[in-house]
Amino acid sequence: MPPAPLIESGEGPRLAFVHAADAGLIAENMVAFANTEGGIIIVGLQADGRPSTTLIESQEIDSVLKRADDLYNPPVVAEEWKEVVLESPEKHLAVPSDGNDNRGGAGVAVPDPALVYVIRVPRSTELHALADGRVLIRSGKVNRPLGGQEIQRLASAKNTGDFETEAVSGASIDDFSRAMIDEYLEKRAERTKRPYSGEVNRMLAEIGAITADGKPTVCGLLLFSDYPQRWLPQSSVVFAKFVGSTPRGESGLAGYSRREELIGPVPRLIEATWNLVWSEMAISAVVKGLEREETFEYPQFAVREALVNAICHRDYRLRGRRIEVRMFSDRLEVISPGGLPGFITVENIKDEHFSRNPRLVGGLFQWGYIEELGLGIDRMIEVMAQAGHSPPKFDARPYSFAVALHNERTQPELPEWSRDTNHRQARALQYIRETGSITNREYRGLIQSVSAETLRLDLVDLVEKGILTRIGAKKGTYYVLRE
């Protein structure tokens, strides 16, 4: 049997393949998913995505799941398993989506009929351990056991419960904006390629925006109310731009030149904060090859990622503190109330993923504000390095987490011939290095917004500085680099 394509990129943080009806393997995956972000187990697929060579009967799945229940404590609550027939290369396994992951709708094509079993495990509010004492979490595509201190941190996070799903006293579903709900549904359909055709209230309950009896939750108000700050005043963002590199000005006075408080649902909050930072960001110009490029004080992705992370992962239980965005002359700081969630530390923040507010994260992922779950920190570090900046600096404290982006750049060594020249001359010199020579006509073609006489004087200046040599006369004149 030829290999079948994997489900999207194969096993990952929210997808596991189990090749046989093995109670131990199923128990390990159930515990790891329940302790982390939840996920889907497909029984009957090998690690490479091919169907298992051994037929698994539905009666066997019932039996093995009962045995798995005896291998962990407390019990893991999972949705009822579903039997799926994989018929041919044209037929695909459609993994059901709960709106909180990016695996929905992906498929595996298989060459012959095969039977697999899909088990969805939601994230749990309890800490689960295997019978042998191991506490597992899902890390990438493997299940990793936690150490002692990690277990304590995860247990502490679990004990606080899911604040984002708590009903908000005094609020009703009429406080949701229909325009915000419609926008979410439109963006979600673009992301999943499947328009939602069910009842809106059912969808709101599925994503944790309302409780089972229809009351708005913290998450629901943050996503869909035009003014969630009425109930959650701590959900606003404070922006301040400081004149220097410290918060203080002369004589102990506040050193900021601009201060704004931003309000609204979190999608609008992200955009408003980004637009404000963007308006205050310094822009410079550099010449690369023959093109003039604008460069920004900070990479756009790094700034947006820092803002989105702060809004997604802050501790909304802390009522007296708001997210702060501080813009100094040498750095941009984004400070989020609440320490790092669960077992996450500054040391493992690149490799591990655990959300304090998974439903809020899921909502913003479907909205398009999160490109790929769990990979934002990696890319933030990458784009800062590509722009010549030092890596982001993370400061984790018990009740706050801060990201600092510094705007200094590592200046590349400029060749001797490019110094003491204006930007027009630099383009001419680069052109000569690439083609061997330049004429007055070619120079006018490069720089079209400047008079011919100014360009002629540019070349004369380069000859007088000993950088260029003039060859020929009149219409046959051209210029080369002086050896």
# chains A, B, ... in the order shown; residues from 1 in each chain; ligands from 1
call {"tool": "residues_around", "arguments": {"residues": "Met180 in chain A", "least_positions_apart": "4", "cutoff": "12 Å", "atoms": "only C-alpha atoms", "output": "list of chain:residue names"}}
result
A:Asp175, A:Phe176, A:Tyr184, A:Leu185, A:Glu186, A:Lys187, A:Gly220, A:Leu221, A:Leu222, A:Leu223, A:Phe224, A:Ser225, A:Asp226, A:Tyr227, A:Gly264, A:Pro265, A:Val266, A:Pro267, A:Arg268, A:Gly363, A:Trp367
call {"tool": "select_by_dssp", "arguments": {"residues": "range 216-394 of chain A", "states": "helix (DSSP H, G or I)", "output": "ChimeraX atom specification"}}
result
/A:218-224,228-230,233-235,250-252,266-280,300-313,358-367,376-386
call {"tool": "closest_atom_pairs", "arguments": {"of": "range 278-387 of chain A", "to": "range 394-409 of chain A", "cutoff": "6 Å", "atoms": "only C-alpha atoms", "output": "tab-separated table"}}
result
residue	atom	partner	partner_atom	distance
A:Glu297	CA	A:Asn407	CA	5.9
A:Asp330	CA	A:Asn407	CA	5.6
A:Arg331	CA	A:His406	CA	4.2
A:Leu332	CA	A:Leu405	CA	5.1
A:Glu333	CA	A:Ala404	CA	4.4
A:Val334	CA	A:Val403	CA	5.3
A:Ile335	CA	A:Ala402	CA	4.3
A:Ser336	CA	A:Phe401	CA	5.2
A:Pro337	CA	A:Ser400	CA	4.5
A:Gly338	CA	A:Tyr399	CA	4.2
A:Gly339	CA	A:Ser400	CA	4.6
call {"tool": "write_last_selection", "arguments": {"atoms": "C-alpha atoms", "output": "PDB file, in the first residue's frame"}}
result
ATOM      1  CA  GLU A 297      11.701  51.362  13.943  1.00  0.00           C
ATOM      2  CA  ASP A 330      15.328  53.135  22.638  1.00  0.00           C
ATOM      3  CA  ARG A 331      12.642  50.457  23.137  1.00  0.00           C
ATOM      4  CA  LEU A 332       8.996  49.441  23.067  1.00  0.00           C
ATOM      5  CA  GLU A 333       7.626  47.667  26.153  1.00  0.00           C
ATOM      6  CA  VAL A 334       4.363  45.711  26.337  1.00  0.00           C
ATOM      7  CA  ILE A 335       3.434  44.813  29.912  1.00  0.00           C
ATOM      8  CA  SER A 336       0.674  42.281  30.557  1.00  0.00           C
ATOM      9  CA  PRO A 337      -0.911  41.755  33.999  1.00  0.00           C
ATOM     10  CA  GLY A 338      -0.414  38.235  35.342  1.00  0.00           C
ATOM     11  CA  GLY A 339       2.668  36.033  35.282  1.00  0.00           C
TER      12      GLY A 339
END
call {"tool": "closest_residue", "arguments": {"among": "A:Thr53, A:Asn201, A:Thr454, A:Asn29", "to": "Ala78 in chain A", "atoms": "only C-alpha atoms"}}
result
A:Asn29
